file run-v8.txt (compact mmCIF, C-alpha atoms (C1' of nucleotides))
# COMPACT_ATOMS: atom_id res chain seq x y z
CA MET A 15 0.00 0.00 0.00
CA THR A 16 2.38 2.68 1.24
CA SER A 17 5.52 2.54 -0.89
CA THR A 18 8.93 2.57 0.73
CA LEU A 19 9.66 6.12 -0.37
CA GLU A 20 6.40 7.20 1.23
CA ALA A 21 7.39 5.42 4.44
CA ALA A 22 10.74 7.23 4.36
CA LEU A 23 8.98 10.59 3.96
CA LEU A 24 6.59 9.78 6.81
CA GLY A 25 9.63 8.89 8.92
CA VAL A 26 11.17 12.29 8.31
CA LEU A 27 7.90 14.19 8.80
CA ALA A 28 7.30 12.34 12.09
CA ARG A 29 10.41 14.15 13.33
CA GLY A 30 9.29 17.59 12.17
CA GLU A 31 7.57 19.64 9.47
CA HIS A 32 9.22 20.18 6.09
CA THR A 33 8.71 21.57 2.62
CA GLY A 34 9.18 19.28 -0.37
CA TYR A 35 12.37 21.13 -1.07
CA SER A 36 13.85 20.60 2.39
CA LEU A 37 12.84 16.93 2.26
CA ALA A 38 14.76 16.62 -1.00
CA ARG A 39 17.82 18.17 0.62
CA MET A 40 17.54 15.83 3.62
CA MET A 41 18.00 12.94 1.23
CA GLY A 42 21.58 14.07 1.62
CA ARG A 43 22.57 14.03 5.28
CA PRO A 44 21.42 12.23 7.44
CA VAL A 45 18.51 10.40 5.77
CA GLY A 46 20.54 9.95 2.61
CA TYR A 47 22.85 7.63 4.52
CA PHE A 48 20.19 4.95 4.10
CA TRP A 49 17.58 6.37 1.73
CA SER A 50 17.54 8.79 -1.18
CA ALA A 51 15.18 10.28 -3.73
CA HIS A 52 15.02 13.12 -6.24
CA HIS A 53 12.72 16.09 -5.81
CA SER A 54 10.73 15.05 -8.89
CA GLN A 55 9.78 11.86 -7.09
CA ILE A 56 9.19 13.52 -3.71
CA TYR A 57 6.62 16.06 -4.94
CA GLY A 58 4.53 13.30 -6.45
CA ALA A 59 4.78 11.13 -3.35
CA LEU A 60 3.72 14.01 -1.10
CA ALA A 61 0.65 14.61 -3.26
CA SER A 62 -0.21 10.92 -3.08
CA LEU A 63 0.24 10.88 0.71
CA GLU A 64 -1.99 13.91 1.03
CA ASP A 65 -4.70 12.23 -1.08
CA ARG A 66 -4.81 9.54 1.57
CA ALA A 67 -4.71 12.12 4.40
CA LEU A 68 -1.43 10.78 5.80
CA VAL A 69 0.13 14.25 5.55
CA ARG A 70 -1.33 17.76 5.35
CA HIS A 71 0.15 21.01 4.07
CA THR A 72 -0.20 24.67 4.83
CA VAL A 73 1.02 27.38 2.49
CA ILE A 74 3.78 29.58 3.92
CA GLU A 75 5.66 32.47 2.43
CA GLY A 76 8.69 31.36 0.46
CA ALA A 77 11.08 32.27 -2.30
CA GLY A 78 9.82 30.05 -5.13
CA PRO A 79 7.67 31.05 -8.12
CA ARG A 80 4.85 28.81 -6.85
CA PRO A 81 3.31 28.74 -3.35
CA THR A 82 5.65 27.18 -0.77
CA LYS A 83 4.03 24.28 1.09
CA ARG A 84 4.97 23.09 4.55
CA TYR A 85 3.97 19.48 5.20
CA ALA A 86 3.07 17.87 8.54
CA ILE A 87 2.28 14.24 9.34
CA THR A 88 -1.29 13.45 10.48
CA ALA A 89 -2.45 10.98 13.13
CA ALA A 90 -3.34 8.54 10.35
CA GLY A 91 0.13 9.07 8.90
CA LEU A 92 1.78 8.21 12.20
CA ASP A 93 -0.32 5.03 12.36
CA ALA A 94 0.77 4.09 8.84
CA LEU A 95 4.40 4.69 9.81
CA ARG A 96 4.07 2.49 12.92
CA GLU A 97 2.51 -0.23 10.82
CA PHE A 98 5.42 -0.03 8.39
CA VAL A 99 8.00 -0.25 11.19
CA ALA A 100 6.29 -3.12 13.00
CA GLY A 101 5.23 -5.02 9.86
CA GLU A 102 6.99 -7.88 8.14
CA LEU A 103 10.18 -7.01 6.31
CA VAL A 104 10.04 -8.44 2.82
CA GLU A 105 13.72 -8.82 2.08
CA PRO A 106 14.38 -6.61 -0.94
CA PRO A 107 16.86 -7.97 -3.52
CA THR A 108 20.47 -7.09 -2.79
CA ARG A 109 22.31 -5.08 -5.44
CA ASP A 110 25.83 -4.37 -4.31
CA LEU A 111 27.94 -2.84 -7.06
CA GLU A 112 31.14 -2.93 -5.02
CA THR A 113 30.93 -6.65 -4.28
CA LEU A 114 29.97 -7.29 -7.90
CA LYS A 115 33.23 -5.68 -9.00
CA MET A 116 35.30 -7.50 -6.39
CA TRP A 117 33.78 -10.78 -7.52
CA SER A 118 35.23 -10.26 -11.02
CA MET A 119 38.55 -8.95 -9.71
CA TRP A 120 40.34 -12.08 -10.92
CA THR A 121 39.97 -10.92 -14.53
CA VAL A 122 42.04 -7.74 -14.21
CA ASP A 123 45.74 -6.95 -13.75
CA PRO A 124 47.22 -6.62 -10.23
CA GLY A 125 47.42 -2.82 -10.41
CA SER A 126 43.75 -2.41 -11.28
CA ALA A 127 42.78 -4.85 -8.56
CA ARG A 128 44.76 -2.96 -5.94
CA ALA A 129 43.34 0.38 -7.16
CA LEU A 130 39.80 -1.02 -6.90
CA VAL A 131 40.32 -2.06 -3.29
CA GLU A 132 42.09 1.17 -2.38
CA ARG A 133 39.24 3.28 -3.71
CA ALA A 134 36.76 1.18 -1.76
CA TYR A 135 38.90 1.62 1.36
CA ALA A 136 38.91 5.41 0.95
CA ARG A 137 35.14 5.58 0.44
CA HIS A 138 34.38 3.49 3.51
CA ALA A 139 36.93 5.33 5.63
CA SER A 140 35.46 8.74 4.80
CA ARG A 141 31.95 7.53 5.54
CA LEU A 142 33.20 6.05 8.81
CA THR A 143 34.57 9.37 10.08
CA ALA A 144 31.35 11.14 9.06
CA TYR A 145 29.29 8.62 11.04
CA GLU A 146 31.63 8.81 14.03
CA THR A 147 31.40 12.59 14.18
CA GLU A 148 27.64 12.56 13.96
CA LEU A 149 27.34 9.74 16.49
CA ALA A 150 29.44 11.70 18.98
CA GLU A 151 27.12 14.71 18.59
CA VAL A 152 23.97 12.66 18.98
CA SER A 153 25.29 10.65 21.94
CA ALA A 154 26.13 13.85 23.81
CA ASP A 155 22.42 14.71 23.91
CA PRO A 156 20.66 13.06 26.89
CA ASP A 157 17.52 12.64 24.74
CA SER A 158 19.41 9.98 22.81
CA ARG A 159 18.88 7.69 25.87
CA ASP A 160 15.10 8.10 25.77
CA ARG A 161 13.58 5.24 23.81
CA THR A 162 10.64 7.37 22.64
CA HIS A 163 12.82 10.22 21.34
CA PRO A 164 13.93 10.39 17.68
CA LEU A 165 17.54 10.83 18.75
CA PHE A 166 17.44 7.40 20.40
CA ALA A 167 16.77 5.84 16.99
CA SER A 168 19.35 8.13 15.38
CA ARG A 169 21.96 6.93 17.84
CA LEU A 170 21.22 3.24 17.20
CA THR A 171 21.28 3.60 13.41
CA LEU A 172 24.48 5.66 13.47
CA GLU A 173 26.09 3.01 15.67
CA GLY A 174 25.12 0.48 13.00
CA GLY A 175 26.68 2.65 10.33
CA VAL A 176 29.92 2.95 12.30
CA ARG A 177 30.10 -0.79 12.87
CA SER A 178 29.41 -1.72 9.26
CA ARG A 179 31.87 0.81 7.84
CA ARG A 180 34.51 -0.28 10.34
CA ALA A 181 34.01 -3.86 9.14
CA ALA A 182 34.25 -2.69 5.51
CA VAL A 183 37.46 -0.74 6.14
CA ASP A 184 39.01 -3.75 7.89
CA TRP A 185 37.92 -5.97 5.03
CA CYS A 186 39.59 -3.72 2.45
CA ALA A 187 42.82 -3.63 4.47
CA TRP A 188 42.73 -7.42 4.70
CA MET A 189 42.18 -7.70 0.93
CA LEU A 190 45.21 -5.52 0.24
CA GLY A 191 47.21 -7.99 2.31
CA GLU A 192 45.81 -10.96 0.39
CA LEU A 193 46.63 -9.29 -2.92
CA ALA A 194 50.20 -8.68 -1.76
CA VAL A 195 50.57 -12.31 -0.68
CA ALA A 196 49.17 -13.59 -3.97
CA GLU A 197 51.45 -11.34 -5.99
CA GLY A 198 54.43 -12.49 -3.95
CA ALA A 199 53.53 -16.09 -4.72
CA GLU A 200 53.20 -15.24 -8.42
CA ALA A 201 56.70 -13.74 -8.45
CA ASP A 202 58.26 -17.02 -7.26
CA MET B 26 27.09 1.86 -21.98
CA THR B 27 27.02 -1.60 -20.44
CA SER B 28 24.34 -1.62 -17.73
CA THR B 29 25.09 -3.10 -14.33
CA LEU B 30 22.93 -6.13 -14.95
CA GLU B 31 24.87 -6.76 -18.14
CA ALA B 32 28.12 -6.47 -16.19
CA ALA B 33 26.81 -8.99 -13.68
CA LEU B 34 25.92 -11.42 -16.45
CA LEU B 35 29.35 -10.99 -18.07
CA GLY B 36 30.88 -11.68 -14.65
CA VAL B 37 29.03 -14.99 -14.41
CA LEU B 38 29.70 -15.98 -18.02
CA ALA B 39 33.42 -15.23 -17.55
CA ARG B 40 33.39 -18.10 -15.07
CA GLY B 41 31.60 -20.54 -17.36
CA GLU B 42 28.90 -21.04 -19.99
CA HIS B 43 25.23 -20.86 -19.07
CA THR B 44 21.71 -20.84 -20.46
CA GLY B 45 19.43 -17.92 -19.68
CA TYR B 46 17.53 -20.21 -17.39
CA SER B 47 20.57 -21.27 -15.37
CA LEU B 48 21.69 -17.63 -15.13
CA ALA B 49 18.30 -16.80 -13.67
CA ARG B 50 18.68 -19.56 -11.10
CA MET B 51 22.19 -18.35 -10.20
CA MET B 52 20.69 -15.07 -9.14
CA GLY B 53 19.98 -17.19 -6.09
CA ARG B 54 23.19 -18.62 -4.67
CA PRO B 55 25.94 -17.36 -4.86
CA VAL B 56 25.55 -14.40 -7.24
CA GLY B 57 22.24 -13.51 -5.63
CA TYR B 58 24.15 -12.64 -2.46
CA PHE B 59 25.08 -9.37 -4.13
CA TRP B 60 23.05 -9.16 -7.34
CA SER B 61 19.68 -10.39 -8.55
CA ALA B 62 17.40 -10.26 -11.57
CA HIS B 63 14.31 -11.95 -12.96
CA HIS B 64 14.41 -14.17 -16.03
CA SER B 65 12.29 -11.66 -17.97
CA GLN B 66 15.07 -9.13 -17.58
CA ILE B 67 17.88 -11.59 -18.23
CA TYR B 68 16.64 -12.80 -21.63
CA GLY B 69 16.44 -9.24 -22.87
CA ALA B 70 19.88 -8.37 -21.52
CA LEU B 71 21.44 -11.44 -23.17
CA ALA B 72 19.94 -10.45 -26.52
CA SER B 73 21.33 -6.94 -26.11
CA LEU B 74 24.77 -8.28 -25.18
CA GLU B 75 24.74 -10.53 -28.20
CA ASP B 76 23.84 -7.59 -30.48
CA ARG B 77 27.09 -5.99 -29.36
CA ALA B 78 28.99 -9.29 -29.73
CA LEU B 79 29.94 -9.41 -26.03
CA VAL B 80 28.40 -12.88 -25.75
CA ARG B 81 27.59 -15.62 -28.26
CA HIS B 82 25.15 -18.53 -28.09
CA THR B 83 24.97 -22.01 -29.51
CA VAL B 84 21.75 -24.00 -29.56
CA ILE B 85 21.86 -27.19 -27.51
CA GLU B 86 19.22 -29.82 -26.90
CA GLY B 87 17.00 -28.98 -23.97
CA ALA B 88 13.62 -29.52 -22.41
CA GLY B 89 11.88 -26.24 -23.26
CA PRO B 90 9.34 -25.59 -26.02
CA ARG B 91 11.78 -23.20 -27.71
CA PRO B 92 15.41 -23.90 -28.65
CA THR B 93 17.71 -23.97 -25.61
CA LYS B 94 20.61 -21.53 -25.92
CA ARG B 95 23.95 -21.85 -24.20
CA TYR B 96 25.79 -18.53 -23.88
CA ALA B 97 29.54 -17.94 -23.74
CA ILE B 98 31.46 -14.71 -23.23
CA THR B 99 33.53 -13.41 -26.16
CA ALA B 100 36.95 -11.73 -26.09
CA ALA B 101 35.21 -8.37 -26.51
CA GLY B 102 32.93 -9.30 -23.62
CA LEU B 103 35.91 -10.03 -21.37
CA ASP B 104 37.37 -6.65 -22.29
CA ALA B 105 34.09 -4.94 -21.42
CA LEU B 106 34.03 -6.77 -18.08
CA ARG B 107 37.60 -5.70 -17.29
CA GLU B 108 36.72 -2.13 -18.14
CA PHE B 109 33.75 -2.29 -15.79
CA VAL B 110 35.85 -3.70 -12.94
CA ALA B 111 38.71 -1.23 -13.36
CA GLY B 112 36.52 1.80 -14.17
CA GLU B 113 35.29 4.50 -11.82
CA LEU B 114 32.65 3.44 -9.33
CA VAL B 115 29.79 5.92 -9.42
CA GLU B 116 28.40 5.50 -5.93
CA PRO B 117 24.83 4.33 -6.42
CA PRO B 118 22.24 5.74 -3.97
CA THR B 119 21.86 3.73 -0.78
CA ARG B 120 18.45 2.26 -0.06
CA ASP B 121 18.51 0.27 3.13
CA LEU B 122 15.06 -0.79 4.25
CA GLU B 123 16.27 -2.24 7.53
CA THR B 124 18.01 0.95 8.65
CA LEU B 125 15.00 2.96 7.50
CA LYS B 126 12.82 0.98 9.88
CA MET B 127 15.28 1.23 12.75
CA TRP B 128 15.45 4.98 12.26
CA SER B 129 11.70 5.25 12.99
CA MET B 130 11.82 2.74 15.84
CA TRP B 131 11.16 5.47 18.38
CA THR B 132 7.52 5.70 17.20
CA VAL B 133 6.52 2.15 18.15
CA ASP B 134 5.93 0.28 21.40
CA PRO B 135 8.83 -1.56 23.12
CA GLY B 136 7.58 -4.99 22.07
CA SER B 137 7.47 -4.09 18.38
CA ALA B 138 10.90 -2.49 18.61
CA ARG B 139 12.39 -5.59 20.19
CA ALA B 140 10.66 -7.84 17.61
CA LEU B 141 12.07 -5.70 14.79
CA VAL B 142 15.62 -6.06 16.08
CA GLU B 143 15.22 -9.76 16.80
CA ARG B 144 14.03 -10.50 13.27
CA ALA B 145 16.97 -8.55 11.88
CA TYR B 146 19.29 -10.53 14.15
CA ALA B 147 17.88 -13.84 12.88
CA ARG B 148 18.20 -12.81 9.23
CA HIS B 149 21.81 -11.71 9.59
CA ALA B 150 22.75 -14.76 11.66
CA SER B 151 21.37 -17.16 9.06
CA ARG B 152 23.16 -15.37 6.26
CA LEU B 153 26.35 -15.43 8.33
CA THR B 154 26.33 -19.20 8.70
CA ALA B 155 25.61 -19.62 4.98
CA TYR B 156 28.60 -17.42 4.12
CA GLU B 157 30.85 -19.19 6.62
CA THR B 158 30.00 -22.60 5.21
CA GLU B 159 30.66 -21.50 1.66
CA LEU B 160 33.85 -19.67 2.62
CA ALA B 161 35.18 -22.83 4.28
CA GLU B 162 34.51 -24.81 1.08
CA VAL B 163 36.14 -22.23 -1.17
CA SER B 164 39.17 -21.72 1.09
CA ALA B 165 39.87 -25.46 1.09
CA ASP B 166 40.55 -25.28 -2.65
CA PRO B 167 44.17 -24.27 -3.39
CA ASP B 168 42.97 -22.35 -6.48
CA SER B 169 41.45 -19.81 -4.09
CA ARG B 170 45.05 -18.59 -3.44
CA ASP B 171 45.68 -17.91 -7.13
CA ARG B 172 44.96 -14.26 -7.89
CA THR B 173 43.91 -15.04 -11.48
CA HIS B 174 41.46 -17.78 -10.54
CA PRO B 175 37.74 -17.05 -10.02
CA LEU B 176 37.85 -18.77 -6.63
CA PHE B 177 40.32 -16.17 -5.41
CA ALA B 178 37.69 -13.46 -5.95
CA SER B 179 35.00 -15.70 -4.48
CA ARG B 180 37.06 -16.12 -1.33
CA LEU B 181 37.60 -12.37 -0.92
CA THR B 182 33.94 -11.47 -1.46
CA LEU B 183 32.75 -14.22 0.88
CA GLU B 184 35.17 -12.97 3.52
CA GLY B 185 33.55 -9.55 3.11
CA GLY B 186 30.12 -11.09 3.53
CA VAL B 187 31.19 -12.86 6.71
CA ARG B 188 32.67 -9.69 8.18
CA SER B 189 29.68 -7.50 7.36
CA ARG B 190 27.14 -10.01 8.66
CA ARG B 191 29.19 -10.54 11.80
CA ALA B 192 29.15 -6.77 12.34
CA ALA B 193 25.38 -6.71 11.74
CA VAL B 194 24.73 -9.55 14.18
CA ASP B 195 26.84 -7.80 16.83
CA TRP B 196 25.00 -4.56 16.17
CA CYS B 197 21.60 -6.21 16.68
CA ALA B 198 22.76 -7.82 19.93
CA TRP B 199 24.02 -4.42 21.11
CA MET B 200 20.68 -2.80 20.19
CA LEU B 201 18.77 -5.38 22.23
CA GLY B 202 20.94 -4.35 25.18
CA GLU B 203 20.25 -0.66 24.57
CA LEU B 204 16.51 -1.34 24.39
CA ALA B 205 16.65 -3.22 27.69
CA VAL B 206 18.56 -0.39 29.35
CA ALA B 207 16.13 2.23 28.02
CA GLU B 208 13.13 0.23 29.19
CA GLY B 209 14.69 -0.19 32.61
CA ALA B 210 15.16 3.58 32.84
CA GLU B 211 11.52 4.10 31.80
CA ALA B 212 10.30 1.79 34.58
CA ASP B 213 11.95 3.96 37.26
C1' DA C 29 -4.29 -36.74 -13.57
C1' DG C 30 -1.75 -33.08 -11.68
C1' DG C 31 2.28 -30.76 -10.27
C1' DC C 32 7.19 -29.73 -10.72
C1' DG C 33 11.46 -28.69 -13.30
C1' DC C 34 13.34 -27.31 -17.66
C1' DA C 35 13.38 -23.37 -20.87
C1' DT C 36 12.34 -19.07 -23.43
C1' DG C 37 9.88 -15.32 -24.39
C1' DT C 38 6.23 -10.88 -24.28
C1' DA C 39 3.55 -7.15 -21.98
C1' DA C 40 1.80 -4.00 -18.50
C1' DG C 41 2.95 -1.16 -15.01
C1' DC C 42 5.69 0.91 -11.25
C1' DC C 43 9.78 3.12 -9.53
C1' DG C 44 13.64 5.99 -10.20
C1' DT C 45 16.79 9.10 -13.03
C1' DT C 46 17.57 12.90 -15.95
C1' DA C 47 16.17 16.84 -18.12
C1' DC C 48 13.06 20.80 -18.93
C1' DA C 49 10.61 24.87 -17.02
C1' DT C 50 9.84 29.04 -14.05
C1' DG C 51 11.12 33.02 -11.11
C1' DA C 52 12.58 35.85 -6.99
C1' DT C 53 16.55 37.13 -4.00
C1' DT C 54 21.34 37.21 -2.52
C1' DC C 55 26.27 37.04 -3.16
C1' DC C 56 30.56 37.67 -6.00
C1' DG D 2 26.06 40.34 -15.16
C1' DG D 3 26.10 35.59 -13.66
C1' DA D 4 25.86 31.94 -10.35
C1' DA D 5 23.76 29.93 -6.24
C1' DT D 6 19.80 29.14 -3.17
C1' DC D 7 15.02 28.72 -2.51
C1' DA D 8 10.93 26.26 -4.36
C1' DT D 9 7.62 23.48 -7.11
C1' DG D 10 6.28 21.10 -10.78
C1' DT D 11 6.05 18.05 -15.67
C1' DA D 12 7.88 14.74 -19.12
C1' DA D 13 10.66 11.22 -21.25
C1' DC D 14 12.99 7.28 -20.53
C1' DG D 15 15.14 3.13 -18.62
C1' DG D 16 15.29 -0.63 -15.08
C1' DC D 17 12.80 -3.85 -12.41
C1' DT D 18 8.65 -6.51 -10.99
C1' DT D 19 4.68 -9.17 -11.92
C1' DA D 20 1.90 -11.63 -14.77
C1' DC D 21 0.78 -14.08 -19.07
C1' DA D 22 2.02 -17.70 -22.47
C1' DT D 23 3.82 -22.22 -24.16
C1' DG D 24 5.11 -27.16 -23.97
C1' DC D 25 7.80 -31.48 -22.98
C1' DG D 26 9.22 -35.13 -19.62
C1' DC D 27 9.27 -37.01 -15.01
C1' DC D 28 7.52 -38.20 -10.58
C1' DT D 29 3.69 -39.31 -7.39
call {"tool": "encode", "arguments": {"input": "run-v8.txt", "output": "structure tokens"}}
result
Amino acid sequence: MTSTLEAALLGVLARGEHTGYSLARMMGRPVGYFWSAHHSQIYGALASLEDRALVRHTVIEGAGPRPTKRYAITAAGLDALREFVAGELVEPPTRDLETLKMWSMWTVDPGSARALVERAYARHASRLTAYETELAEVSADPDSRDRTHPLFASRLTLEGGVRSRRAAVDWCAWMLGELAVAEGAEAD
Amino acid sequence: MTSTLEAALLGVLARGEHTGYSLARMMGRPVGYFWSAHHSQIYGALASLEDRALVRHTVIEGAGPRPTKRYAITAAGLDALREFVAGELVEPPTRDLETLKMWSMWTVDPGSARALVERAYARHASRLTAYETELAEVSADPDSRDRTHPLFASRLTLEGGVRSRRAAVDWCAWMLGELAVAEGAEAD
DNA sequence: AGGCGCATGTAAGCCGTTACATGATTCC
DNA sequence: GGAATCATGTAACGGCTTACATGCGCCT
């Protein structure tokens, strides 16, 4: 019924009111860490949510050529969000471009293979520091210990991000070692 | 130029010949661990790859109502695969349904929150054991130490799977602890 | 007799990306 | 004067999912 993008938007609006534009920007940091969408998709989804009375808008003064709309979640919207969170998770198909490349690593020359892993290392490492910084900020707020406060959920998800990126960074370092060993063996 | 699905298919065909049907089944184990597609998509992609001479088919005898086609990668196809592996990785947008749910966990009752985390724990744990089993099998083969052998890449990617699932399992266990602590604080 | 596995294909529709369109204000 | 930010929308297109279609051989 409610699409995943709609659930994501409800999740953001449950934490505060937003315009379509500011929702689109939030699909950068922090929501963009685990979900993303373009504004063209967001405006349509908001209209669809409003048709079903899960969100409501009021017109505010803004800088655009058309009226600026501020959206808020409704009681029905909060119910729909809760249902989404508590409902069954239908495992969506995995599509991991990085692993796909690694899996065909055997076809390329040693230099390309090393470069591939090094780039992956750098990406994961930079994400890791971003997560760590944000986690430190969130953890400093006592609200992040209150199970019913949004920051509690932010803290748990950021902790997950830190752990997974740490694992990815370690994995890349380990792969560089394996590549070195294999190249050494080749040289013999 | 070459879509990601096409790259995935080239990656499989570089390891051996397949029919469209068997490719579709492989989008279960092990390729399905990091990529997946339906047969309806695969048949079209194979035709498109063949138009560009990246794969070639020969008709073999089979059980279907139409001629059964066995596909093999061509030299040009191998080149295209290498280019894909060595080329820039344009970071595709993240869409992580599990994290999305966790991030809105603060809206639901404690029981639903715990159930959400426990289901995630179970999913990751079962994937972890699957990866560990397969990694043990692959590692036992001496070819998995040869950088130019497919099993080398299989071993590295499986190691990544084990590490990431281990991190996810640990994360879920940690979250269950955090939930218990937060509920204890609420009871006071 | 009916269901499952082999085997290939088409078609409708949804979701997501990219590009087009508009227009005021602020900063360089 | 030109670029960036705010702000909302439409349209074309491609990728992915779901469903429809066909038909043989094997097992129960």
call {"tool": "closest_atom_pairs", "arguments": {"input": "run-v8.txt", "of": "chain B", "to": "chain A", "cutoff": "7 Å", "atoms": "only C-alpha atoms", "output": "CSV"}}
result
residue,atom,partner,partner_atom,distance
B:Ala33,CA,A:Leu114,CA,6.8
B:Gly36,CA,A:Ser118,CA,5.8
B:Tyr58,CA,A:Thr108,CA,6.7
B:Phe59,CA,A:Asp110,CA,5.1
B:Trp60,CA,A:Arg109,CA,4.6
B:Ser61,CA,A:Pro107,CA,6.3
B:Arg107,CA,A:Val122,CA,5.8
B:Val110,CA,A:Lys115,CA,5.1
B:Ala111,CA,A:Ser126,CA,5.6
B:Pro118,CA,A:Ser50,CA,6.3
B:Thr119,CA,A:Phe48,CA,5.3
B:Arg120,CA,A:Trp49,CA,4.6
B:Asp121,CA,A:Phe48,CA,5.1
B:Thr124,CA,A:Thr171,CA,6.4
B:Leu125,CA,A:Phe48,CA,6.5
B:Lys126,CA,A:Val99,CA,5.1
B:Met127,CA,A:Ala167,CA,6.4
B:Trp128,CA,A:Ala167,CA,5.0
B:Ser129,CA,A:Gly25,CA,5.8
B:Met130,CA,A:Ala167,CA,6.0
B:Trp131,CA,A:Thr162,CA,4.7
B:Thr132,CA,A:Arg96,CA,6.4
B:Val133,CA,A:Arg96,CA,5.8
B:Ser137,CA,A:Ala100,CA,5.6
B:Leu141,CA,A:Ala100,CA,6.6
B:Arg170,CA,A:Ala196,CA,6.5
B:Asp171,CA,A:Ala196,CA,6.4
B:Arg172,CA,A:Ala196,CA,5.8
B:Thr173,CA,A:Trp120,CA,4.7
B:His174,CA,A:Trp120,CA,5.8
B:Pro175,CA,A:Trp120,CA,5.7
B:Phe177,CA,A:Trp120,CA,6.9
B:Ala178,CA,A:Trp117,CA,5.0
B:Ser179,CA,A:Trp117,CA,5.9
B:Leu181,CA,A:Met189,CA,6.8
B:Thr182,CA,A:Trp117,CA,6.1
B:Gly185,CA,A:Trp185,CA,6.0
B:Arg188,CA,A:Ala181,CA,6.1
B:Ser189,CA,A:Ala181,CA,5.9
B:Ala192,CA,A:Ser178,CA,5.9
B:Ala193,CA,A:Ser178,CA,6.9
B:Trp196,CA,A:Gly174,CA,6.0
B:Met200,CA,A:Leu170,CA,6.8
B:Ala207,CA,A:Arg161,CA,5.8
call {"tool": "atom_distance", "arguments": {"input": "run-v8.txt", "atom1": "atom CA of Pro92 of chain B", "atom2": "atom C1' of DG15 of chain D"}}
result
28.8 Å
call {"tool": "closest_residue", "arguments": {"input": "run-v8.txt", "among": "A:Val131, A:Pro79, A:Tyr57, A:Pro156", "to": "chain C", "atoms": "all atoms listed in the file"}}
result
A:Pro79
call {"tool": "closest_atom_pairs", "arguments": {"input": "run-v8.txt", "of": "chain B", "to": "chain C", "cutoff": "6 Å", "atoms": "only C-alpha atoms (C1' of nucleotides)", "output": "Markdown table"}}
result
| residue | atom | partner | partner_atom | distance |
| --- | --- | --- | --- | --- |
| B:Ala88 | CA | C:DC34 | C1' | 5.2 |
| B:Gly89 | CA | C:DA35 | C1' | 4.0 |
| B:Arg91 | CA | C:DT36 | C1' | 6.0 |
call {"tool": "atom_distance", "arguments": {"input": "run-v8.txt", "atom1": "atom CA of Ala165 of chain B", "atom2": "atom CA of Ala150 of chain B"}}
result
22.8 Å
call {"tool": "closest_atom_pairs", "arguments": {"input": "run-v8.txt", "of": "chain D", "to": "chain A", "cutoff": "7 Å", "atoms": "all atoms listed in the file", "output": "CSV"}}
result
residue,atom,partner,partner_atom,distance
D:DC7,C1',A:Ala77,CA,5.3
D:DA8,C1',A:Gly78,CA,4.0
D:DT9,C1',A:Arg80,CA,6.0
call {"tool": "atom_distance", "arguments": {"input": "run-v8.txt", "atom1": "atom CA of Val194 of chain B", "atom2": "atom CA of Ser151 of chain B"}}
result
9.8 Å
call {"tool": "decode", "arguments": {"input": "run-v8.txt", "residues": "segment 6-14 of chain D", "atoms": "N, CA, C and O atoms (P, O5', C5', C4', C3', O3' and C1' of nucleotides)", "output": "compact mmCIF listing (two decimals), in the first residue's frame"}}
result
# COMPACT_ATOMS: atom_id res chain seq x y z
P DT D 6 24.45 26.70 -3.60
O5' DT D 6 23.08 27.28 -3.00
C5' DT D 6 23.11 28.43 -2.16
C4' DT D 6 21.68 28.84 -1.85
C3' DT D 6 20.73 27.65 -1.62
O3' DT D 6 20.00 27.85 -0.42
C1' DT D 6 19.80 29.14 -3.17
P DC D 7 18.95 26.83 0.18
O5' DC D 7 17.55 27.45 -0.25
C5' DC D 7 17.09 28.69 0.33
C4' DC D 7 15.83 29.12 -0.38
C3' DC D 7 14.68 28.10 -0.25
O3' DC D 7 13.50 28.75 0.19
C1' DC D 7 15.02 28.72 -2.51
P DA D 8 12.38 27.95 0.91
O5' DA D 8 11.73 27.13 -0.29
C5' DA D 8 10.74 27.79 -1.09
C4' DA D 8 10.38 27.00 -2.30
C3' DA D 8 10.23 25.47 -2.19
O3' DA D 8 8.92 25.15 -1.74
C1' DA D 8 10.93 26.26 -4.36
P DT D 9 8.34 23.63 -1.86
O5' DT D 9 7.82 23.54 -3.36
C5' DT D 9 6.79 24.43 -3.79
C4' DT D 9 6.48 24.21 -5.24
C3' DT D 9 5.95 22.80 -5.54
O3' DT D 9 4.65 22.89 -6.09
C1' DT D 9 7.62 23.48 -7.11
P DG D 10 3.65 21.67 -6.06
O5' DG D 10 4.12 20.91 -7.39
C5' DG D 10 3.42 21.27 -8.53
C4' DG D 10 4.29 21.21 -9.76
C3' DG D 10 4.23 19.88 -10.52
O3' DG D 10 3.00 19.77 -11.20
C1' DG D 10 6.28 21.10 -10.78
P DT D 11 2.69 18.42 -11.97
O5' DT D 11 3.53 18.54 -13.32
C5' DT D 11 3.31 19.62 -14.23
C4' DT D 11 4.08 19.33 -15.51
C3' DT D 11 3.73 17.98 -16.15
O3' DT D 11 3.67 18.19 -17.56
C1' DT D 11 6.05 18.05 -15.67
P DA D 12 3.21 17.01 -18.52
O5' DA D 12 4.61 16.43 -19.02
C5' DA D 12 5.60 17.30 -19.57
C4' DA D 12 6.69 16.46 -20.22
C3' DA D 12 6.20 15.11 -20.75
O3' DA D 12 6.92 14.85 -21.95
C1' DA D 12 7.88 14.74 -19.12
P DA D 13 6.55 13.63 -22.90
O5' DA D 13 7.95 12.90 -23.03
C5' DA D 13 9.14 13.68 -23.16
C4' DA D 13 10.35 12.79 -22.96
C3' DA D 13 10.19 11.39 -23.55
O3' DA D 13 11.43 11.03 -24.16
C1' DA D 13 10.66 11.22 -21.25
P DC D 14 11.55 9.71 -25.02
O5' DC D 14 12.43 8.76 -24.08
C5' DC D 14 13.56 9.31 -23.39
C4' DC D 14 13.96 8.39 -22.29
C3' DC D 14 13.93 6.89 -22.66
O3' DC D 14 15.24 6.38 -22.48
C1' DC D 14 12.99 7.28 -20.53
